[in-house]
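Below is the file run28.txt, which contains compact mmCIF, C-alpha atoms.
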# COMPACT_ATOMS: atom_id res chain seq x y z
CA MET A 174 0.00 0.00 0.00
CA LYS A 175 1.44 3.34 -1.01
CA ASP A 176 1.44 6.15 1.54
CA SER A 177 -0.93 9.12 1.23
CA LYS A 178 1.70 11.56 -0.03
CA THR A 179 2.67 9.21 -2.85
CA LEU A 180 -0.96 8.69 -3.78
CA LEU A 181 -1.68 12.41 -3.72
CA LYS A 182 1.26 13.10 -6.02
CA GLN A 183 0.19 10.32 -8.36
CA LEU A 184 -3.37 11.62 -8.41
CA ALA A 185 -2.18 15.19 -9.06
CA ASP A 186 0.00 14.04 -11.97
CA ARG A 187 -2.90 12.20 -13.59
CA TYR A 188 -5.25 15.11 -12.95
CA LYS A 189 -2.89 17.45 -14.82
CA LYS A 190 -3.03 15.04 -17.76
CA HIS A 191 -6.85 15.19 -17.74
CA GLN A 192 -7.13 11.53 -16.77
CA VAL A 193 -9.31 11.76 -13.64
CA SER A 194 -13.10 11.59 -13.38
CA VAL A 195 -14.89 12.52 -10.16
CA LEU A 196 -17.78 10.58 -8.61
CA VAL A 197 -19.81 12.71 -6.15
CA GLY A 198 -21.72 11.20 -3.23
CA ALA A 199 -24.38 12.50 -0.85
CA GLY A 200 -21.93 13.75 1.77
CA PHE A 201 -20.76 16.40 -0.68
CA SER A 202 -24.22 18.00 -0.66
CA ARG A 203 -23.70 18.95 2.99
CA ASN A 204 -21.29 21.62 1.78
CA ALA A 205 -24.41 23.47 0.58
CA TYR A 206 -26.91 22.41 3.26
CA GLU A 207 -25.73 20.81 6.48
CA LYS A 208 -29.01 18.98 7.10
CA PHE A 209 -28.81 17.09 3.83
CA PRO A 210 -29.74 13.48 4.71
CA LEU A 211 -27.21 10.70 4.45
CA TRP A 212 -28.24 7.05 4.31
CA TRP A 213 -29.12 6.76 8.01
CA GLY A 214 -31.20 9.94 7.96
CA LEU A 215 -32.93 9.01 4.72
CA MET A 216 -33.79 5.52 5.91
CA TYR A 217 -34.89 6.29 9.48
CA ASP A 218 -38.61 6.87 8.86
CA LEU A 219 -38.80 3.93 6.50
CA MET A 220 -37.21 1.59 9.05
CA ILE A 221 -39.45 2.85 11.85
CA GLU A 222 -42.49 2.09 9.70
CA MET A 223 -41.17 -1.38 8.94
CA TYR A 224 -39.72 -2.39 12.30
CA GLY A 225 -40.93 0.15 14.89
CA SER A 226 -43.71 -1.98 16.40
CA LYS A 227 -41.42 -4.98 16.87
CA ILE A 228 -38.74 -2.78 18.43
CA LYS A 229 -41.27 -1.43 20.95
CA GLU A 230 -42.31 -4.97 21.86
CA ASP A 231 -38.67 -6.01 22.25
CA TYR A 232 -37.97 -2.98 24.43
CA ALA A 233 -40.83 -3.89 26.77
CA THR A 234 -39.35 -7.37 27.15
CA TYR A 235 -35.89 -5.89 27.63
CA CYS A 236 -37.11 -3.60 30.44
CA HIS A 237 -38.37 -6.59 32.41
CA THR A 238 -34.92 -8.19 32.36
CA GLN A 239 -32.79 -5.18 33.32
CA SER A 240 -32.18 -3.26 36.49
CA PRO A 241 -33.07 0.45 36.27
CA SER A 242 -29.44 1.48 36.76
CA SER A 243 -28.21 -0.44 33.68
CA MET A 244 -31.22 0.03 31.40
CA MET A 245 -30.90 1.80 28.05
CA THR A 246 -33.37 4.52 27.20
CA TYR A 247 -35.87 3.68 24.49
CA GLN A 248 -34.02 5.91 22.00
CA GLN A 249 -30.73 4.15 22.73
CA PHE A 250 -32.39 0.76 22.34
CA GLU A 251 -34.13 1.81 19.11
CA ASP A 252 -30.91 3.16 17.57
CA LYS A 253 -29.07 -0.03 18.47
CA GLU A 254 -31.80 -2.22 16.98
CA LEU A 255 -32.04 -0.18 13.78
CA GLU A 256 -28.27 -0.38 13.37
CA ARG A 257 -28.39 -4.15 13.91
CA ILE A 258 -31.15 -4.55 11.33
CA ALA A 259 -29.27 -2.40 8.82
CA ASP A 260 -26.12 -4.48 9.32
CA GLU A 261 -27.97 -7.77 8.94
CA LYS A 262 -30.18 -6.87 6.00
CA THR A 263 -28.30 -3.93 4.37
CA TYR A 264 -30.07 -0.72 3.43
CA LEU A 265 -30.60 -1.77 -0.18
CA LYS A 266 -32.46 -4.95 0.78
CA ILE A 267 -34.52 -3.02 3.33
CA VAL A 268 -35.65 -0.71 0.52
CA SER A 269 -36.62 -3.74 -1.56
CA ASP A 270 -38.64 -5.08 1.39
CA TYR A 271 -40.31 -1.69 1.81
CA ILE A 272 -41.39 -1.60 -1.83
CA ARG A 273 -42.87 -5.09 -1.52
CA HIS A 274 -44.52 -4.08 1.75
CA LYS A 275 -46.15 -1.07 0.08
CA GLY A 276 -47.06 -3.02 -3.04
CA ASN A 277 -45.83 -0.41 -5.52
CA ARG A 278 -42.66 1.33 -6.62
CA GLU A 279 -44.19 4.82 -6.54
CA SER A 280 -44.32 4.76 -2.75
CA MET A 281 -40.51 4.79 -2.66
CA ASP A 282 -40.37 7.62 -5.19
CA VAL A 283 -42.69 9.74 -3.05
CA TYR A 284 -40.70 8.84 0.07
CA ILE A 285 -37.46 10.10 -1.53
CA GLU A 286 -38.99 13.27 -2.91
CA LYS A 287 -40.34 14.27 0.51
CA ARG A 288 -36.93 13.95 2.14
CA ILE A 289 -34.26 14.94 -0.39
CA PRO A 290 -34.10 18.72 -0.82
CA PHE A 291 -34.81 20.17 -4.27
CA LEU A 292 -33.37 23.63 -4.88
CA THR A 293 -35.22 26.25 -6.90
CA CYS A 294 -34.01 29.69 -7.93
CA ASP A 295 -36.42 32.39 -9.09
CA LYS A 296 -34.92 35.78 -9.96
CA GLY A 297 -31.99 35.19 -7.64
CA VAL A 298 -34.12 33.93 -4.74
CA TYR A 299 -33.21 30.39 -3.65
CA GLN A 300 -35.46 27.98 -1.80
CA LEU A 301 -35.24 24.39 -0.60
CA ASN A 302 -38.58 22.63 -0.77
CA THR A 303 -37.89 20.65 2.42
CA ASP A 304 -36.77 23.73 4.40
CA PRO A 305 -38.19 26.93 2.89
CA ALA A 306 -36.98 29.06 5.83
CA PHE A 307 -33.33 28.10 5.38
CA PRO A 308 -31.37 31.20 4.24
CA PHE A 309 -29.93 29.65 1.09
CA ASP A 310 -27.98 31.92 -1.27
CA SER A 311 -25.43 31.56 -4.06
CA HIS A 312 -22.54 31.21 -1.58
CA ASN A 313 -23.96 27.89 -0.43
CA LEU A 314 -22.99 26.55 -3.85
CA ASP A 315 -19.38 27.76 -3.72
CA VAL A 316 -17.88 24.32 -3.07
CA HIS A 317 -19.99 22.72 -5.80
CA ALA A 318 -18.92 25.45 -8.23
CA SER A 319 -15.27 24.96 -7.29
CA LEU A 320 -15.56 21.24 -7.97
CA LEU A 321 -17.10 21.87 -11.39
CA SER A 322 -14.36 24.36 -12.24
CA CYS A 323 -11.75 21.61 -12.02
CA ASN A 324 -10.27 19.81 -15.00
CA TRP A 325 -12.15 16.52 -14.70
CA LEU A 326 -12.44 13.99 -17.46
CA ASP A 327 -16.13 13.65 -16.48
CA VAL A 328 -18.34 14.44 -13.49
CA TYR A 329 -20.54 11.62 -12.20
CA THR A 330 -22.89 11.61 -9.23
CA THR A 331 -25.05 9.09 -7.42
CA ASN A 332 -26.98 12.00 -5.86
CA TYR A 333 -30.58 12.70 -6.76
CA ASP A 334 -30.38 16.40 -5.86
CA ASN A 335 -29.84 19.24 -8.34
CA LEU A 336 -27.09 21.15 -6.53
CA LEU A 337 -24.38 20.44 -9.11
CA GLU A 338 -26.61 21.52 -11.99
CA GLN A 339 -27.70 24.66 -10.15
CA ALA A 340 -24.09 25.56 -9.37
CA ALA A 341 -23.20 25.15 -13.04
CA THR A 342 -26.10 27.39 -14.08
CA ASP A 343 -25.36 30.07 -11.48
CA ARG A 344 -21.66 30.34 -12.35
CA LYS A 345 -22.27 29.97 -16.10
CA LEU A 346 -20.17 26.82 -16.23
CA LEU A 347 -20.83 24.94 -19.45
CA TYR A 348 -22.10 21.53 -18.42
CA LYS A 349 -24.72 19.26 -19.90
CA LYS A 350 -26.80 17.10 -17.56
CA VAL A 351 -27.06 13.44 -18.56
CA SER A 352 -29.85 11.34 -17.05
CA ALA A 353 -30.77 9.05 -19.99
CA ASP A 354 -28.85 7.20 -22.68
CA TYR A 355 -30.07 9.52 -25.45
CA ASP A 356 -28.37 12.43 -23.61
CA LEU A 357 -25.03 10.80 -24.36
CA GLY A 358 -25.20 11.54 -28.08
CA ASN A 359 -22.99 14.63 -27.89
CA HIS A 360 -21.00 13.46 -24.90
CA ASN A 361 -17.64 13.91 -26.57
CA MET A 362 -18.45 17.56 -27.30
CA ASP A 363 -19.76 18.57 -23.86
CA ARG A 364 -18.67 18.64 -20.27
CA THR A 365 -21.22 16.50 -18.50
CA ILE A 366 -22.82 15.93 -15.11
CA VAL A 367 -23.88 12.30 -15.33
CA LYS A 368 -26.76 11.42 -12.96
CA LEU A 369 -26.14 7.72 -12.39
CA HIS A 370 -28.97 7.03 -9.94
CA GLY A 371 -31.74 9.38 -11.01
CA ASP A 372 -32.63 13.02 -11.05
CA LEU A 373 -34.80 14.66 -8.38
CA VAL A 374 -37.67 16.65 -9.81
CA ASN A 375 -40.08 19.22 -8.47
CA ASP A 376 -43.84 18.77 -8.46
CA SER A 377 -44.38 20.31 -11.91
CA MET A 378 -41.92 17.87 -13.51
CA ALA A 379 -42.86 14.70 -11.63
CA ASP A 380 -45.30 13.21 -14.14
CA SER A 381 -42.81 13.30 -17.00
CA PHE A 382 -39.74 11.98 -15.19
CA LYS A 383 -38.29 8.51 -15.62
CA PHE A 384 -34.75 7.27 -15.21
CA ASP A 385 -32.95 6.30 -18.40
CA ASN A 386 -36.17 5.76 -20.40
CA ASP A 387 -37.56 3.30 -17.84
CA ASN A 388 -41.21 4.20 -17.21
CA SER A 389 -41.29 2.16 -14.01
CA LEU A 390 -38.22 3.70 -12.41
CA ARG A 391 -37.21 7.13 -11.13
CA TYR A 392 -34.43 6.36 -8.68
CA ILE A 393 -31.80 3.66 -8.27
CA ILE A 394 -32.09 2.67 -4.60
CA ALA A 395 -33.30 -0.92 -4.15
CA GLN A 396 -31.10 -4.03 -4.23
CA GLU A 397 -32.52 -5.21 -7.56
CA ASP A 398 -31.79 -1.79 -9.11
CA TYR A 399 -28.08 -2.27 -8.41
CA ASP A 400 -28.08 -5.93 -9.38
CA THR A 401 -29.59 -5.25 -12.81
CA TYR A 402 -27.88 -1.91 -13.49
CA PRO A 403 -25.18 -3.16 -15.94
CA GLU A 404 -27.81 -4.92 -18.10
CA LYS A 405 -30.60 -2.32 -17.94
CA HIS A 406 -28.42 0.78 -18.19
CA GLN A 407 -25.67 -0.28 -20.52
CA ALA A 408 -24.87 3.19 -21.84
CA PHE A 409 -24.07 4.52 -18.37
CA THR A 410 -22.13 1.40 -17.49
CA GLN A 411 -20.07 1.54 -20.66
CA LEU A 412 -19.36 5.24 -20.20
CA MET A 413 -17.94 4.66 -16.72
CA ARG A 414 -16.03 1.61 -17.88
CA ILE A 415 -14.32 3.60 -20.64
CA ALA A 416 -13.52 6.45 -18.24
CA MET A 417 -11.98 4.04 -15.74
CA LEU A 418 -9.90 2.23 -18.34
CA LYS A 419 -8.67 5.58 -19.71
CA GLY A 420 -7.86 7.04 -16.31
CA ALA A 421 -8.97 6.96 -12.68
CA PHE A 422 -11.92 7.86 -10.45
CA LEU A 423 -11.77 10.17 -7.44
CA LEU A 424 -14.69 9.53 -5.07
CA VAL A 425 -15.82 12.45 -2.87
CA GLY A 426 -18.75 12.68 -0.47
CA PHE A 427 -18.73 8.96 0.34
CA SER A 428 -17.88 7.05 3.49
CA GLY A 429 -16.22 3.66 3.48
CA THR A 430 -19.53 2.04 4.49
CA ASP A 431 -21.80 4.01 2.13
CA PRO A 432 -24.02 1.55 0.19
CA ASN A 433 -23.45 3.52 -3.01
CA PHE A 434 -19.70 3.43 -2.47
CA LEU A 435 -19.68 -0.31 -1.78
CA ALA A 436 -21.89 -1.09 -4.77
CA TRP A 437 -19.84 0.96 -7.24
CA LEU A 438 -16.55 -0.22 -5.77
CA ASN A 439 -17.56 -3.84 -6.38
CA TRP A 440 -18.63 -3.00 -9.92
CA MET A 441 -15.40 -1.14 -10.66
CA LYS A 442 -13.31 -4.00 -9.30
CA ASP A 443 -15.23 -6.39 -11.52
CA VAL A 444 -14.40 -4.25 -14.57
CA LEU A 445 -10.72 -4.16 -13.65
CA ASP A 446 -10.59 -7.90 -13.00
CA LYS A 447 -11.83 -8.46 -16.55
CA ASP A 448 -9.11 -6.19 -17.96
CA PRO A 449 -6.07 -6.64 -15.66
CA GLU A 450 -3.64 -5.18 -18.21
CA SER A 451 -5.23 -1.74 -17.79
CA ASN A 452 -4.44 -1.66 -14.07
CA LYS A 453 -0.74 -2.52 -14.02
CA GLY A 454 1.18 -0.08 -11.82
CA GLN A 455 -1.69 2.43 -11.63
CA GLU A 456 -4.34 2.94 -8.98
CA LYS A 457 -7.79 3.34 -10.49
CA ILE A 458 -10.02 4.26 -7.55
CA TYR A 459 -9.25 6.91 -4.95
CA LEU A 460 -11.48 7.69 -1.96
CA LEU A 461 -11.04 11.16 -0.50
CA LEU A 462 -12.02 11.37 3.16
CA VAL A 463 -12.25 14.65 5.06
CA LYS A 464 -12.10 14.19 8.82
CA LYS A 465 -11.21 16.26 11.86
CA GLU A 466 -7.58 15.42 11.31
CA PRO A 467 -5.77 16.69 8.18
CA LEU A 468 -7.24 15.67 4.83
CA THR A 469 -6.12 12.22 3.69
CA LEU A 470 -6.30 10.15 0.56
CA GLU A 471 -7.02 6.45 0.63
CA GLN A 472 -6.89 3.97 -2.19
CA ASP A 473 -8.78 0.70 -2.27
As structure tokens, please, write out the structure in this file.
Amino acid sequence: MKDSKTLLKQLADRYKKHQVSVLVGAGFSRNAYEKFPLWWGLMYDLMIEMYGSKIKEDYATYCHTQSPSSMMTYQQFEDKELERIADEKTYLKIVSDYIRHKGNRESMDVYIEKRIPFLTCDKGVYQLNTDPAFPFDSHNLDVHASLLSCNWLDVYTTNYDNLLEQAATDRKLLYKKVSADYDLGNHNMDRTIVKLHGDLVNDSMADSFKFDNDNSLRYIIAQEDYDTYPEKHQAFTQLMRIAMLKGAFLLVGFSGTDPNFLAWLNWMKDVLDKDPESNKGQEKIYLLLVKKEPLTLEQD
């Protein structure tokens, strides 16, 4: 394993040669809005609906077996149980169970759209639909604009939100949004923001939206969505494959346990295993983690 300084230098050299694509995760959106939900926050209400009654029953049983001095509060017990369930089932499978529980896919679409902020801008006035009172202004998009100003081979995101697109519009950065295979027609001529998992819409756009020409799908979020992605969304898959074989991916806004990160990491490794000659002596996937300690770079 190379040390961080060596990896940073290697990444910088490849970046200067225009060989690096960036893949943006949900954590990056917190640069614009600190309450932006990550996986745990997004899944909490769903898991309470699915497992809340059983957890309450289990807590009642638990209370009868513990002394008051050693007993967890209900919130502590609930958090522990939800974490255990998430570890055992995984978030993606829980979503699949939720869709089956509801009996339709649209219930998950509505769930997402109520909880992921959508940003609008009317004559310079910004508003988040989930938090209209939040004092959002153009400075909230500074980090997104800085990212888009870099010399990336391509910009990809697993985020549903429209913060990258809005930052590009505000700063007059020439990017084309790609959320379906037909958008890739002029890919070689445009700088692109590729929405790999779907594109959040506002109420006026909802009836017309579908992900990658699939009338039954708006957002990639359930286990089967990931499992069938390479077959159902070949244009996106091939685009990322070519970008990875030509250069490298820098992942920002992900944690090491993020379901999106783990799913794409496995897919990327599968691509590289099928073409080992392309990976000789060169790292292909970099994960950038920003913590309380100085910024580090890790390679997997």
Practice prompt. In Å, rounded to a single decimal, give me how far CA of Leu336 (chain A) is from CA of Val193 (chain A).
Written response: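 Rounded to one decimal, the two atoms are 21.3 Å apart.
Between CA of Gly214 (chain A) and CA of Cys294 (chain A) there is a distance of 25.5 Å.
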Discussion item. Env of Leu255 (chain A): 10 Å cut, atoms = only C-alpha atoms, seq-sep filter 6 positions within chain, self excluded. Answer as a PyMOL selection string.
Written reply: chain A and resi 213+216-217+220-221+224-225+228+261
For Glu397 (chain A), please output as a PDB file with C-alpha atoms, keeping the file's coordinate frame all residues within 10 Å (counting all atoms listed in the file; exclusion window: fewer than 3 positions along the same chain).
ATOM      1  CA  LEU A 265     -30.600  -1.770  -0.180  1.00  0.00           C
ATOM      2  CA  LYS A 266     -32.460  -4.950   0.780  1.00  0.00           C
ATOM      3  CA  VAL A 268     -35.650  -0.710   0.520  1.00  0.00           C
ATOM      4  CA  SER A 269     -36.620  -3.740  -1.560  1.00  0.00           C
ATOM      5  CA  ILE A 393     -31.800   3.660  -8.270  1.00  0.00           C
ATOM      6  CA  ILE A 394     -32.090   2.670  -4.600  1.00  0.00           C
ATOM      7  CA  ASP A 400     -28.080  -5.930  -9.380  1.00  0.00           C
ATOM      8  CA  THR A 401     -29.590  -5.250 -12.810  1.00  0.00           C
ATOM      9  CA  TYR A 402     -27.880  -1.910 -13.490  1.00  0.00           C
TER      10      TYR A 402
END
Fill in: Close residues, Glu279 (chain A) itself excluded, 10 Å, all atoms listed in the file, min 6 positions apart in chain, as JSON, numbers by chain
{"A": [272, 285, 389, 390, 391]}
Item to complete: Might you pull out every residue within 12 Å of Ala436 (chain A), with all atoms listed in the file counted and same-chain residues fewer than 4 positions away left off, and present them as a list in words?
Response: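 With the cut-off at 12 Å, the set is Thr263, Tyr264, Leu265, Thr331, His370, Ile393, Ile394, Ala395, Gln396, Glu397, Asp398, Tyr399, Asp400, Thr401, Tyr402, Pro403, Phe427, Gly429, Thr430, Asp431, Pro432, Trp440, Met441, Lys442 and Asp443 of chain A.
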Worksheet entry | Distance in Å - CA of Val328 (chain A) versus CA of Phe434 (chain A) |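 Computed distance, CA of Val328 (chain A) to CA of Phe434 (chain A), equals 15.6 Å.
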Counting all atoms listed in the file, which residues sit no farther than 10 Å from the position (-35.9, 6.2, -15.8) in the file's frame? I'd like them as a PDB file with C-alpha atoms, in the frame of the given file.
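What landed in selection-v8.pdb:
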ATOM      1  CA  SER A 352     -29.850  11.340 -17.050  1.00  0.00           C
ATOM      2  CA  ALA A 353     -30.770   9.050 -19.990  1.00  0.00           C
ATOM      3  CA  ASP A 354     -28.850   7.200 -22.680  1.00  0.00           C
ATOM      4  CA  HIS A 370     -28.970   7.030  -9.940  1.00  0.00           C
ATOM      5  CA  GLY A 371     -31.740   9.380 -11.010  1.00  0.00           C
ATOM      6  CA  ASP A 372     -32.630  13.020 -11.050  1.00  0.00           C
ATOM      7  CA  SER A 381     -42.810  13.300 -17.000  1.00  0.00           C
ATOM      8  CA  PHE A 382     -39.740  11.980 -15.190  1.00  0.00           C
ATOM      9  CA  LYS A 383     -38.290   8.510 -15.620  1.00  0.00           C
ATOM     10  CA  PHE A 384     -34.750   7.270 -15.210  1.00  0.00           C
ATOM     11  CA  ASP A 385     -32.950   6.300 -18.400  1.00  0.00           C
ATOM     12  CA  ASN A 386     -36.170   5.760 -20.400  1.00  0.00           C
ATOM     13  CA  ASP A 387     -37.560   3.300 -17.840  1.00  0.00           C
ATOM     14  CA  ASN A 388     -41.210   4.200 -17.210  1.00  0.00           C
ATOM     15  CA  SER A 389     -41.290   2.160 -14.010  1.00  0.00           C
ATOM     16  CA  LEU A 390     -38.220   3.700 -12.410  1.00  0.00           C
ATOM     17  CA  ARG A 391     -37.210   7.130 -11.130  1.00  0.00           C
ATOM     18  CA  TYR A 392     -34.430   6.360  -8.680  1.00  0.00           C
ATOM     19  CA  ILE A 393     -31.800   3.660  -8.270  1.00  0.00           C
ATOM     20  CA  HIS A 406     -28.420   0.780 -18.190  1.00  0.00           C
TER      21      HIS A 406
END
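If you measure from each of A:Tyr188, A:Gly198, A:Ile267, A:Lys457 to Leu445 (chain A) using only C-alpha atoms, the closest one turns out to be A:Lys457.
In this comparison, which uses all atoms listed in the file, the residue of A:Tyr333, A:Phe307, A:Trp437, A:Tyr459 approaching Ala199 (chain A) most closely is A:Tyr333.
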Discussion item. Report as a ChimeraX atom specification all protein, DNA and RNA residues lying within 10 Å of Val298 (chain A), evaluated on all atoms listed in the file, omitting residues in the same chain fewer than 6 positions from it.
Written reply: /A:308-311
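Nearest to Tyr329 (chain A) of all the residues A:Ser280, A:Thr238, A:Ser194, A:Ser428 is A:Ser194, based on all atoms listed in the file.
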Name the residues, using the chain letters and numbers of the file, that sit within 9 Å of (-39.5, 10.9, -5.5) when counting all atoms listed in the file, and give them as a CSV table (one decimal) with C-alpha atoms, keeping the file's coordinate frame.
chain,number,residue,atom,x,y,z
A,279,GLU,CA,-44.2,4.8,-6.5
A,280,SER,CA,-44.3,4.8,-2.8
A,281,MET,CA,-40.5,4.8,-2.7
A,282,ASP,CA,-40.4,7.6,-5.2
A,283,VAL,CA,-42.7,9.7,-3.0
A,284,TYR,CA,-40.7,8.8,0.1
A,285,ILE,CA,-37.5,10.1,-1.5
A,286,GLU,CA,-39.0,13.3,-2.9
A,287,LYS,CA,-40.3,14.3,0.5
A,288,ARG,CA,-36.9,14.0,2.1
A,289,ILE,CA,-34.3,14.9,-0.4
A,373,LEU,CA,-34.8,14.7,-8.4
A,374,VAL,CA,-37.7,16.6,-9.8
A,375,ASN,CA,-40.1,19.2,-8.5
A,379,ALA,CA,-42.9,14.7,-11.6
A,391,ARG,CA,-37.2,7.1,-11.1
A,392,TYR,CA,-34.4,6.4,-8.7
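Distances from A:Ser319, A:Thr303, A:Gln192, A:Asn332 to Met417 (chain A) were compared using all atoms listed in the file, and the smallest one belongs to A:Gln192.
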